[in-house]
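Chemist: To be precise about what I am sending: the file is called start18.pdb and holds PDB, C-alpha atoms.
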MODEL        1
ATOM      1  CA  MET A 569      47.918  -9.970 -25.779  1.00  0.00           C
ATOM      2  CA  SER A 570      49.358  -6.449 -26.005  1.00  0.00           C
ATOM      3  CA  VAL A 571      50.343  -7.114 -29.613  1.00  0.00           C
ATOM      4  CA  LEU A 572      46.817  -8.287 -30.446  1.00  0.00           C
ATOM      5  CA  LEU A 573      45.380  -5.090 -28.975  1.00  0.00           C
ATOM      6  CA  MET A 574      47.411  -3.125 -31.531  1.00  0.00           C
ATOM      7  CA  LEU A 575      45.390  -4.592 -34.403  1.00  0.00           C
ATOM      8  CA  ALA A 576      43.235  -1.882 -35.988  1.00  0.00           C
ATOM      9  CA  ASP A 577      41.335  -4.432 -38.102  1.00  0.00           C
ATOM     10  CA  PRO A 578      41.900  -7.977 -36.767  1.00  0.00           C
ATOM     11  CA  LEU A 579      39.929  -9.796 -39.478  1.00  0.00           C
ATOM     12  CA  ARG A 580      41.742  -8.178 -42.407  1.00  0.00           C
ATOM     13  CA  SER A 581      45.092  -8.440 -40.662  1.00  0.00           C
ATOM     14  CA  LEU A 582      44.632 -12.195 -40.212  1.00  0.00           C
ATOM     15  CA  LEU A 583      43.511 -12.570 -43.828  1.00  0.00           C
ATOM     16  CA  LEU A 584      46.573 -10.633 -44.993  1.00  0.00           C
ATOM     17  CA  PHE A 585      48.700 -12.894 -42.820  1.00  0.00           C
ATOM     18  CA  LEU A 586      47.361 -15.919 -44.686  1.00  0.00           C
ATOM     19  CA  LEU A 587      47.696 -14.401 -48.162  1.00  0.00           C
ATOM     20  CA  VAL A 588      51.169 -12.936 -47.650  1.00  0.00           C
ATOM     21  CA  SER A 589      52.874 -15.292 -45.216  1.00  0.00           C
ATOM     22  CA  TYR A 590      51.424 -18.768 -45.724  1.00  0.00           C
ATOM     23  CA  PHE A 591      54.096 -20.094 -48.087  1.00  0.00           C
ATOM     24  CA  THR A 592      56.832 -18.450 -46.061  1.00  0.00           C
ATOM     25  CA  MET A 593      55.615 -20.316 -42.989  1.00  0.00           C
ATOM     26  CA  ILE A 594      55.671 -23.751 -44.584  1.00  0.00           C
ATOM     27  CA  ASN A 595      59.059 -23.101 -46.195  1.00  0.00           C
ATOM     28  CA  GLY A 596      60.948 -21.958 -43.094  1.00  0.00           C
ATOM     29  CA  ILE A 597      59.113 -22.943 -39.938  1.00  0.00           C
ATOM     30  CA  ARG A 598      62.044 -22.472 -37.537  1.00  0.00           C
ATOM     31  CA  GLN A 599      62.674 -18.962 -38.791  1.00  0.00           C
ATOM     32  CA  VAL A 600      58.951 -18.195 -38.586  1.00  0.00           C
ATOM     33  CA  LEU A 601      58.902 -19.367 -34.959  1.00  0.00           C
ATOM     34  CA  ALA A 602      61.885 -17.131 -34.211  1.00  0.00           C
ATOM     35  CA  GLY A 603      60.089 -14.223 -35.878  1.00  0.00           C
ATOM     36  CA  ALA A 604      56.934 -14.875 -33.846  1.00  0.00           C
ATOM     37  CA  VAL A 605      58.913 -14.699 -30.611  1.00  0.00           C
ATOM     38  CA  ILE A 606      60.612 -11.466 -31.670  1.00  0.00           C
ATOM     39  CA  PHE A 607      57.287  -9.984 -32.741  1.00  0.00           C
ATOM     40  CA  LEU A 608      56.169 -10.272 -29.101  1.00  0.00           C
ATOM     41  CA  ALA A 609      58.805  -7.613 -28.402  1.00  0.00           C
ATOM     42  CA  LEU A 610      56.952  -5.006 -30.487  1.00  0.00           C
ATOM     43  CA  PRO A 611      55.708  -3.178 -27.355  1.00  0.00           C
ATOM     44  CA  CYS A 612      59.333  -3.059 -26.174  1.00  0.00           C
ATOM     45  CA  LEU A 613      60.341  -1.321 -29.397  1.00  0.00           C
ATOM     46  CA  ARG A 614      57.485   1.129 -28.991  1.00  0.00           C
ATOM     47  CA  ASP A 615      58.400   1.884 -25.369  1.00  0.00           C
ATOM     48  CA  ARG A 616      62.174   1.756 -25.980  1.00  0.00           C
ATOM     49  CA  LYS A 617      62.826  -1.060 -23.491  1.00  0.00           C
ATOM     50  CA  PHE A 618      66.002  -2.679 -24.737  1.00  0.00           C
ATOM     51  CA  ILE A 619      66.521  -5.349 -22.045  1.00  0.00           C
ATOM     52  CA  PRO A 620      63.211  -7.245 -22.490  1.00  0.00           C
ATOM     53  CA  TYR A 621      63.537  -6.789 -26.270  1.00  0.00           C
ATOM     54  CA  ALA A 622      67.047  -8.279 -26.220  1.00  0.00           C
ATOM     55  CA  LEU A 623      65.893 -11.230 -24.113  1.00  0.00           C
ATOM     56  CA  LEU A 624      63.118 -12.046 -26.593  1.00  0.00           C
ATOM     57  CA  ALA A 625      65.529 -11.629 -29.522  1.00  0.00           C
ATOM     58  CA  LEU A 626      67.948 -14.066 -27.869  1.00  0.00           C
ATOM     59  CA  LEU A 627      65.082 -16.479 -27.266  1.00  0.00           C
ATOM     60  CA  GLY A 628      64.175 -16.195 -30.961  1.00  0.00           C
ATOM     61  CA  ALA A 629      67.800 -16.879 -31.850  1.00  0.00           C
ATOM     62  CA  SER A 630      67.539 -20.207 -30.028  1.00  0.00           C
ATOM     63  CA  PHE A 631      65.133 -21.249 -32.815  1.00  0.00           C
ATOM     64  CA  HIS A 632      67.218 -19.771 -35.630  1.00  0.00           C
ATOM     65  CA  ALA A 633      70.653 -18.190 -35.240  1.00  0.00           C
ATOM     66  CA  SER A 634      70.045 -15.494 -37.869  1.00  0.00           C
ATOM     67  CA  ALA A 635      67.577 -13.836 -35.456  1.00  0.00           C
ATOM     68  CA  LEU A 636      70.642 -12.292 -33.772  1.00  0.00           C
ATOM     69  CA  ILE A 637      70.545  -9.707 -36.571  1.00  0.00           C
ATOM     70  CA  MET A 638      67.541  -8.214 -34.758  1.00  0.00           C
ATOM     71  CA  LEU A 639      69.683  -7.111 -31.814  1.00  0.00           C
ATOM     72  CA  PRO A 640      71.419  -4.245 -33.653  1.00  0.00           C
ATOM     73  CA  MET A 641      68.177  -3.590 -35.549  1.00  0.00           C
ATOM     74  CA  TYR A 642      66.652  -2.424 -32.249  1.00  0.00           C
ATOM     75  CA  PHE A 643      68.459   0.904 -32.541  1.00  0.00           C
ATOM     76  CA  VAL A 644      67.077   1.449 -36.052  1.00  0.00           C
ATOM     77  CA  LEU A 645      63.523   0.287 -35.403  1.00  0.00           C
ATOM     78  CA  SER A 646      62.945   1.991 -32.057  1.00  0.00           C
ATOM     79  CA  GLY A 647      63.888   5.477 -33.288  1.00  0.00           C
ATOM     80  CA  GLU A 648      61.694   8.133 -34.831  1.00  0.00           C
ATOM     81  CA  ARG A 649      60.276   7.291 -38.237  1.00  0.00           C
ATOM     82  CA  MET A 650      62.944   7.518 -40.956  1.00  0.00           C
ATOM     83  CA  ASN A 651      65.604   8.370 -38.366  1.00  0.00           C
ATOM     84  CA  GLY A 652      69.288   8.809 -39.125  1.00  0.00           C
ATOM     85  CA  LYS A 653      70.143   5.229 -38.153  1.00  0.00           C
ATOM     86  CA  LEU A 654      67.753   4.031 -40.860  1.00  0.00           C
ATOM     87  CA  TRP A 655      69.829   5.826 -43.467  1.00  0.00           C
ATOM     88  CA  ILE A 656      72.980   4.273 -42.024  1.00  0.00           C
ATOM     89  CA  PHE A 657      71.267   0.892 -42.474  1.00  0.00           C
ATOM     90  CA  TYR A 658      70.567   1.724 -46.126  1.00  0.00           C
ATOM     91  CA  GLY A 659      74.195   2.720 -46.510  1.00  0.00           C
ATOM     92  CA  CYS A 660      75.106  -0.800 -45.343  1.00  0.00           C
ATOM     93  CA  VAL A 661      72.572  -2.224 -47.813  1.00  0.00           C
ATOM     94  CA  LEU A 662      74.338  -0.395 -50.651  1.00  0.00           C
ATOM     95  CA  VAL A 663      77.731  -1.685 -49.490  1.00  0.00           C
ATOM     96  CA  PHE A 664      76.448  -5.266 -49.193  1.00  0.00           C
ATOM     97  CA  PHE A 665      74.727  -4.984 -52.572  1.00  0.00           C
ATOM     98  CA  ALA A 666      77.951  -3.860 -54.213  1.00  0.00           C
ATOM     99  CA  ALA A 667      80.095  -6.352 -52.280  1.00  0.00           C
ATOM    100  CA  PRO A 668      77.917  -9.286 -51.150  1.00  0.00           C
ATOM    101  CA  GLY A 669      80.993 -11.169 -49.994  1.00  0.00           C
ATOM    102  CA  VAL A 670      81.272  -8.776 -47.035  1.00  0.00           C
ATOM    103  CA  ALA A 671      77.750  -9.599 -45.846  1.00  0.00           C
ATOM    104  CA  THR A 672      78.304 -13.305 -46.484  1.00  0.00           C
ATOM    105  CA  ALA A 673      81.327 -13.268 -44.174  1.00  0.00           C
ATOM    106  CA  ILE A 674      79.279 -11.596 -41.419  1.00  0.00           C
ATOM    107  CA  LEU A 675      76.286 -13.902 -41.798  1.00  0.00           C
ATOM    108  CA  GLY A 676      78.539 -16.933 -41.918  1.00  0.00           C
ATOM    109  CA  ASN A 677      79.283 -16.490 -38.212  1.00  0.00           C
ATOM    110  CA  LEU A 678      75.559 -16.350 -37.425  1.00  0.00           C
ATOM    111  CA  LEU A 679      74.612 -19.377 -39.503  1.00  0.00           C
ATOM    112  CA  GLU A 680      77.494 -21.756 -38.969  1.00  0.00           C
ATOM    113  CA  ASP A 681      75.352 -23.962 -36.696  1.00  0.00           C
ATOM    114  CA  SER A 682      72.169 -23.569 -38.739  1.00  0.00           C
ATOM    115  CA  THR A 683      70.614 -25.819 -41.339  1.00  0.00           C
ATOM    116  CA  TYR A 684      70.294 -22.644 -43.413  1.00  0.00           C
ATOM    117  CA  ALA A 685      74.071 -22.202 -43.600  1.00  0.00           C
ATOM    118  CA  GLU A 686      73.946 -23.845 -47.033  1.00  0.00           C
ATOM    119  CA  TYR A 687      72.090 -20.764 -48.313  1.00  0.00           C
ATOM    120  CA  LEU A 688      75.377 -18.878 -48.137  1.00  0.00           C
ATOM    121  CA  GLN A 689      76.683 -21.184 -50.860  1.00  0.00           C
ATOM    122  CA  VAL A 690      73.620 -20.817 -53.083  1.00  0.00           C
ATOM    123  CA  GLN A 691      74.089 -18.487 -56.020  1.00  0.00           C
ATOM    124  CA  ASP A 692      70.365 -18.192 -56.768  1.00  0.00           C
ATOM    125  CA  LYS A 693      68.846 -14.724 -56.590  1.00  0.00           C
ATOM    126  CA  MET A 694      65.383 -13.599 -55.633  1.00  0.00           C
ATOM    127  CA  GLY A 695      62.896 -12.831 -58.406  1.00  0.00           C
ATOM    128  CA  VAL A 696      61.944  -9.252 -59.235  1.00  0.00           C
ATOM    129  CA  MET A 697      58.254 -10.009 -58.549  1.00  0.00           C
ATOM    130  CA  ARG A 698      58.942 -10.459 -54.853  1.00  0.00           C
ATOM    131  CA  LEU A 699      60.796  -7.137 -54.751  1.00  0.00           C
ATOM    132  CA  LEU A 700      57.824  -5.398 -56.389  1.00  0.00           C
ATOM    133  CA  VAL A 701      55.461  -6.914 -53.822  1.00  0.00           C
ATOM    134  CA  ALA A 702      57.801  -5.867 -50.984  1.00  0.00           C
ATOM    135  CA  MET A 703      57.844  -2.352 -52.395  1.00  0.00           C
ATOM    136  CA  ILE A 704      54.133  -1.941 -51.586  1.00  0.00           C
ATOM    137  CA  PRO A 705      54.490  -1.904 -47.763  1.00  0.00           C
ATOM    138  CA  ALA A 706      57.516   0.391 -48.008  1.00  0.00           C
ATOM    139  CA  THR A 707      55.616   2.793 -50.280  1.00  0.00           C
ATOM    140  CA  ILE A 708      52.561   2.730 -48.008  1.00  0.00           C
ATOM    141  CA  ALA A 709      54.791   3.474 -45.014  1.00  0.00           C
ATOM    142  CA  ILE A 710      56.287   6.519 -46.741  1.00  0.00           C
ATOM    143  CA  ILE A 711      52.896   7.807 -47.941  1.00  0.00           C
ATOM    144  CA  TYR A 712      51.325   7.340 -44.524  1.00  0.00           C
ATOM    145  CA  GLY A 713      54.189   9.155 -42.842  1.00  0.00           C
ATOM    146  CA  TYR A 714      53.830  12.028 -45.322  1.00  0.00           C
ATOM    147  CA  VAL A 715      50.050  12.254 -44.833  1.00  0.00           C
ATOM    148  CA  GLU A 716      50.463  12.470 -41.068  1.00  0.00           C
ATOM    149  CA  TYR A 717      53.152  15.139 -41.461  1.00  0.00           C
ATOM    150  CA  ARG A 718      50.921  17.130 -43.832  1.00  0.00           C
ATOM    151  CA  ASN A 719      47.965  16.895 -41.460  1.00  0.00           C
ATOM    152  CA  ALA A 720      50.125  18.083 -38.578  1.00  0.00           C
ATOM    153  CA  VAL A 721      51.010  21.180 -40.612  1.00  0.00           C
ATOM    154  CA  ARG A 722      47.482  21.916 -41.843  1.00  0.00           C
ATOM    155  CA  ILE A 723      45.313  20.871 -38.888  1.00  0.00           C
ATOM    156  CA  LYS A 724      45.744  22.690 -35.614  1.00  0.00           C
ATOM    157  CA  GLY A 725      46.174  20.328 -32.677  1.00  0.00           C
ATOM    158  CA  TYR A 726      46.625  17.248 -34.917  1.00  0.00           C
ATOM    159  CA  GLN A 727      48.694  14.566 -33.193  1.00  0.00           C
ATOM    160  CA  SER A 728      50.903  12.863 -35.768  1.00  0.00           C
ATOM    161  CA  LYS A 729      53.483  11.448 -33.369  1.00  0.00           C
ATOM    162  CA  ASP A 730      52.590   7.874 -32.543  1.00  0.00           C
ATOM    163  CA  ARG A 731      55.392   5.665 -31.290  1.00  0.00           C
ATOM    164  CA  LEU A 732      53.843   2.499 -32.698  1.00  0.00           C
ATOM    165  CA  THR A 733      53.446   4.101 -36.124  1.00  0.00           C
ATOM    166  CA  ASP A 734      57.093   5.185 -36.025  1.00  0.00           C
ATOM    167  CA  VAL A 735      58.185   1.608 -35.322  1.00  0.00           C
ATOM    168  CA  LEU A 736      55.924   0.089 -37.987  1.00  0.00           C
ATOM    169  CA  ILE A 737      57.131   2.525 -40.656  1.00  0.00           C
ATOM    170  CA  ASN A 738      60.749   1.762 -39.790  1.00  0.00           C
ATOM    171  CA  MET A 739      60.013  -1.974 -39.891  1.00  0.00           C
ATOM    172  CA  GLN A 740      58.671  -1.763 -43.446  1.00  0.00           C
ATOM    173  CA  LEU A 741      61.649   0.223 -44.695  1.00  0.00           C
ATOM    174  CA  VAL A 742      64.165  -2.133 -43.067  1.00  0.00           C
ATOM    175  CA  SER A 743      62.243  -5.132 -44.431  1.00  0.00           C
ATOM    176  CA  PHE A 744      62.451  -3.667 -47.933  1.00  0.00           C
ATOM    177  CA  GLY A 745      66.194  -3.187 -47.539  1.00  0.00           C
ATOM    178  CA  PHE A 746      66.689  -6.862 -46.680  1.00  0.00           C
ATOM    179  CA  THR A 747      64.424  -7.909 -49.535  1.00  0.00           C
ATOM    180  CA  ALA A 748      66.328  -5.740 -52.023  1.00  0.00           C
ATOM    181  CA  LEU A 749      69.524  -7.538 -50.998  1.00  0.00           C
ATOM    182  CA  GLY A 750      67.793 -10.743 -52.057  1.00  0.00           C
ATOM    183  CA  LEU A 751      68.473  -9.661 -55.643  1.00  0.00           C
ATOM    184  CA  ARG A 752      72.128 -10.379 -54.883  1.00  0.00           C
ATOM    185  CA  MET A 753      71.658 -13.508 -52.774  1.00  0.00           C
ATOM    186  CA  VAL A 754      68.365 -15.164 -51.901  1.00  0.00           C
ATOM    187  CA  TYR A 755      69.156 -15.628 -48.221  1.00  0.00           C
ATOM    188  CA  PHE A 756      69.062 -11.897 -47.446  1.00  0.00           C
ATOM    189  CA  ALA A 757      65.382 -11.770 -48.370  1.00  0.00           C
ATOM    190  CA  ARG A 758      64.676 -14.328 -45.642  1.00  0.00           C
ATOM    191  CA  LEU A 759      65.821 -11.855 -42.986  1.00  0.00           C
ATOM    192  CA  SER A 760      62.766  -9.748 -43.768  1.00  0.00           C
ATOM    193  CA  MET A 761      60.657 -12.537 -42.225  1.00  0.00           C
ATOM    194  CA  TYR A 762      61.459 -11.063 -38.808  1.00  0.00           C
ATOM    195  CA  LEU A 763      59.730  -7.815 -39.806  1.00  0.00           C
ATOM    196  CA  ASP A 764      56.885  -8.843 -42.103  1.00  0.00           C
ATOM    197  CA  GLY A 765      54.354  -9.015 -39.278  1.00  0.00           C
ATOM    198  CA  GLY A 766      54.522  -5.243 -38.924  1.00  0.00           C
ATOM    199  CA  PHE A 767      52.776  -4.831 -42.263  1.00  0.00           C
ATOM    200  CA  LEU A 768      49.704  -6.608 -40.899  1.00  0.00           C
ATOM    201  CA  LEU A 769      49.432  -3.841 -38.311  1.00  0.00           C
ATOM    202  CA  LEU A 770      50.467  -0.941 -40.514  1.00  0.00           C
ATOM    203  CA  LEU A 771      48.216  -1.451 -43.550  1.00  0.00           C
ATOM    204  CA  PRO A 772      44.850  -1.114 -41.735  1.00  0.00           C
ATOM    205  CA  ARG A 773      46.186   1.857 -39.725  1.00  0.00           C
ATOM    206  CA  ALA A 774      47.557   3.529 -42.844  1.00  0.00           C
ATOM    207  CA  ILE A 775      44.342   3.061 -44.813  1.00  0.00           C
ATOM    208  CA  LYS A 776      42.275   4.443 -41.940  1.00  0.00           C
ATOM    209  CA  GLY A 777      44.583   7.432 -41.503  1.00  0.00           C
ATOM    210  CA  ALA A 778      45.096   8.286 -45.180  1.00  0.00           C
ATOM    211  CA  PHE A 779      41.536   7.896 -46.563  1.00  0.00           C
ATOM    212  CA  ASN A 780      38.013   8.891 -45.599  1.00  0.00           C
ATOM    213  CA  ASP A 781      35.634   6.135 -44.471  1.00  0.00           C
ATOM    214  CA  LEU A 782      34.114   5.417 -47.897  1.00  0.00           C
ATOM    215  CA  SER A 783      37.441   5.392 -49.739  1.00  0.00           C
ATOM    216  CA  ALA A 784      39.018   3.294 -46.986  1.00  0.00           C
ATOM    217  CA  ARG A 785      36.440   0.526 -47.518  1.00  0.00           C
ATOM    218  CA  TYR A 786      37.218   0.390 -51.237  1.00  0.00           C
ATOM    219  CA  VAL A 787      40.965   0.436 -50.654  1.00  0.00           C
ATOM    220  CA  LYS A 788      40.676  -2.419 -48.136  1.00  0.00           C
ATOM    221  CA  MET A 789      38.691  -4.541 -50.582  1.00  0.00           C
ATOM    222  CA  ILE A 790      41.096  -3.804 -53.437  1.00  0.00           C
ATOM    223  CA  SER A 791      44.114  -4.663 -51.278  1.00  0.00           C
ATOM    224  CA  ILE A 792      42.602  -8.025 -50.308  1.00  0.00           C
ATOM    225  CA  VAL A 793      41.799  -8.841 -53.951  1.00  0.00           C
ATOM    226  CA  LEU A 794      45.315  -7.943 -55.112  1.00  0.00           C
ATOM    227  CA  TYR A 795      46.978  -9.981 -52.386  1.00  0.00           C
ATOM    228  CA  ALA A 796      44.656 -12.888 -53.228  1.00  0.00           C
ATOM    229  CA  PHE A 797      45.983 -12.729 -56.799  1.00  0.00           C
ATOM    230  CA  TYR A 798      49.532 -12.713 -55.396  1.00  0.00           C
ATOM    231  CA  PHE A 799      48.664 -15.767 -53.300  1.00  0.00           C
ATOM    232  CA  ALA A 800      47.375 -17.565 -56.420  1.00  0.00           C
ATOM    233  CA  TYR A 801      50.519 -16.482 -58.299  1.00  0.00           C
ATOM    234  CA  GLN A 802      52.693 -18.161 -55.667  1.00  0.00           C
ATOM    235  CA  VAL A 803      50.623 -21.344 -55.817  1.00  0.00           C
ATOM    236  CA  THR A 804      51.060 -21.654 -59.579  1.00  0.00           C
ATOM    237  CA  THR A 805      54.624 -20.372 -59.848  1.00  0.00           C
ATOM    238  CA  TYR A 806      56.017 -22.653 -57.151  1.00  0.00           C
ATOM    239  CA  GLN A 807      54.018 -25.721 -58.133  1.00  0.00           C
ATOM    240  CA  LYS A 808      57.298 -27.612 -58.393  1.00  0.00           C
ATOM    241  CA  TYR A 809      57.389 -27.485 -54.595  1.00  0.00           C
ATOM    242  CA  LYS A 810      53.881 -29.025 -54.536  1.00  0.00           C
ATOM    243  CA  TYR A 811      52.437 -26.043 -52.663  1.00  0.00           C
ATOM    244  CA  PHE A 812      48.962 -26.695 -54.034  1.00  0.00           C
ATOM    245  CA  GLU A 813      48.888 -30.054 -52.288  1.00  0.00           C
ATOM    246  CA  SER A 814      48.499 -28.136 -49.023  1.00  0.00           C
ATOM    247  CA  PHE A 815      44.863 -27.620 -50.036  1.00  0.00           C
ATOM    248  CA  TYR A 816      44.059 -31.225 -50.904  1.00  0.00           C
ATOM    249  CA  LEU A 817      41.340 -32.848 -48.824  1.00  0.00           C
ATOM    250  CA  THR A 818      42.471 -36.332 -47.902  1.00  0.00           C
ATOM    251  CA  PHE A 819      40.504 -38.841 -45.896  1.00  0.00           C
ATOM    252  CA  LYS A 820      41.674 -42.116 -44.442  1.00  0.00           C
TER
ENDMDL
END
Please rewrite the model in this file as structure tokens.

Modeler:
Amino acid sequence: MSVLLMLADPLRSLLLFLLVSYFTMINGIRQVLAGAVIFLALPCLRDRKFIPYALLALLGASFHASALIMLPMYFVLSGERMNGKLWIFYGCVLVFFAAPGVATAILGNLLEDSTYAEYLQVQDKMGVMRLLVAMIPATIAIIYGYVEYRNAVRIKGYQSKDRLTDVLINMQLVSFGFTALGLRMVYFARLSMYLDGGFLLLLPRAIKGAFNDLSARYVKMISIVLYAFYFAYQVTTYQKYKYFESFYLTFK
């Protein structure tokens, strides 16, 4: 319930959830369930309560072992926006990108009892289109953080420090880091599934904070249209997986 209360625009957030996450859900249900459990710990990240966060992360790991990666991520996500630990994380991303075998060895211990362990043997790489789409939340997070910083400088008494916003910005930047690693091995992009829900909270907040009321309405409509096109792109591109059949009406 506390997570639902964080929604600035519930209707658009739910629509974004459908357009962005639908095919992810049907392609990795156990990992999605693990991510849903971990997402319940968002208030714990905001309030810096490690113990209840860790318990929910361990519960998520009972659905999918790779969720254990979210335990060390607590220290990155719960800090101030763009904190020093985030840059350490990106340093690790660069190392893993240059030497993916190092990351494979680490993940192998997490996935040895998982049906997704076979992904570590797959040489396929993520498409550039998905990286471009993932770049949008990361860019919005940076722009929103800059706008709040600028307002704090220009407007006397402006409160730019919001713990939830800090967490959501960090979530988008960490998610982009995992997705970028998908260019080296497709499995890394799947780790971003544990963070994607943050975008559904951040986008409406960012639009409201960065634009006036009239502009915000246009930006919201444009964002929905663009993500609808992305949804249609996935339907057509991955037709070999029979995704479109999800929308067939069958009667017996």

Chemist: So that all listed atoms of segment 750-767 of chain A fit with 8 Å spare on each side, what axis-aligned box centre and edge lengths in Å, to one decimal, would you give as AutoDock Vina command-line options?

Modeler:
--center_x 62.5 --center_y -10.2 --center_z -47.2 --size_x 35.4 --size_y 26.8 --size_z 32.8

Chemist: Considering all atoms listed in the file, return as a list in words whatever protein or nucleic-acid residues lie within 6 Å of segment 643-647 of chain A, sequence-local ones (same chain, fewer than 6 positions apart) excluded.

Modeler: Leu613, Lys653, Leu654, Val735 and Asn738 of chain A

Chemist: Expressed in Å to a single decimal, how great is the separation between atom CA of Asp730 of chain A and atom CA of Pro620 of chain A?

Modeler: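 If I compute the distance from atom CA of Asp730 of chain A to atom CA of Pro620 of chain A, I get 21.0 Å.
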
Chemist: Which value, in Å to one decimal, gives the distance between atom CA of Lys776 of chain A and atom CA of Ala604 of chain A?

Modeler: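 Taking atom CA of Lys776 of chain A as the start and atom CA of Ala604 of chain A as the end point, the length is 25.6 Å.
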
Chemist: Select, from A:Leu741, A:Met753, A:Val696, A:Ile606, the residue with the minimum atom-to-atom distance to Asn651 of chain A, counting only C-alpha atoms.

Modeler: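 Looking at the shortest contact to Asn651 of chain A, the residue is A:Leu741.
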
Chemist: List the residues selected by the PyMOL selection byres ((chain A and resi 608-611) around 12) in the file shown, writing them as a PyMOL selection string.

Modeler: chain A and resi 569-574+601-607+612-628+638-639+642+645-646+731-736+739+762-763+765-766+769

Chemist: Quick one: residues within 9 Å of Tyr795 of chain A, only C-alpha atoms, excluding same-chain residues fewer than 3 positions away - as a VMD selection string?

Modeler: chain A and resid 584 587 to 588 790 to 792 798 to 800

Chemist: Can you tell me how far atom CA of Ile737 of chain A sits from atom CA of Ala629 of chain A, in Å to one decimal?

Modeler: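 About the pair atom CA of Ile737 of chain A and atom CA of Ala629 of chain A: they are 23.8 Å apart.
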
Chemist: Place a sphere of radius 10 Å on (64.8, -4.6, -46.4) in the file coordinates and name every protein, DNA or RNA residue with an atom inside or on its surface, counting all atoms listed in the file; give the answer as a PyMOL selection string.

Modeler: chain A and resi 657-658+661+699+702-703+706+739-750+756-761+763-764
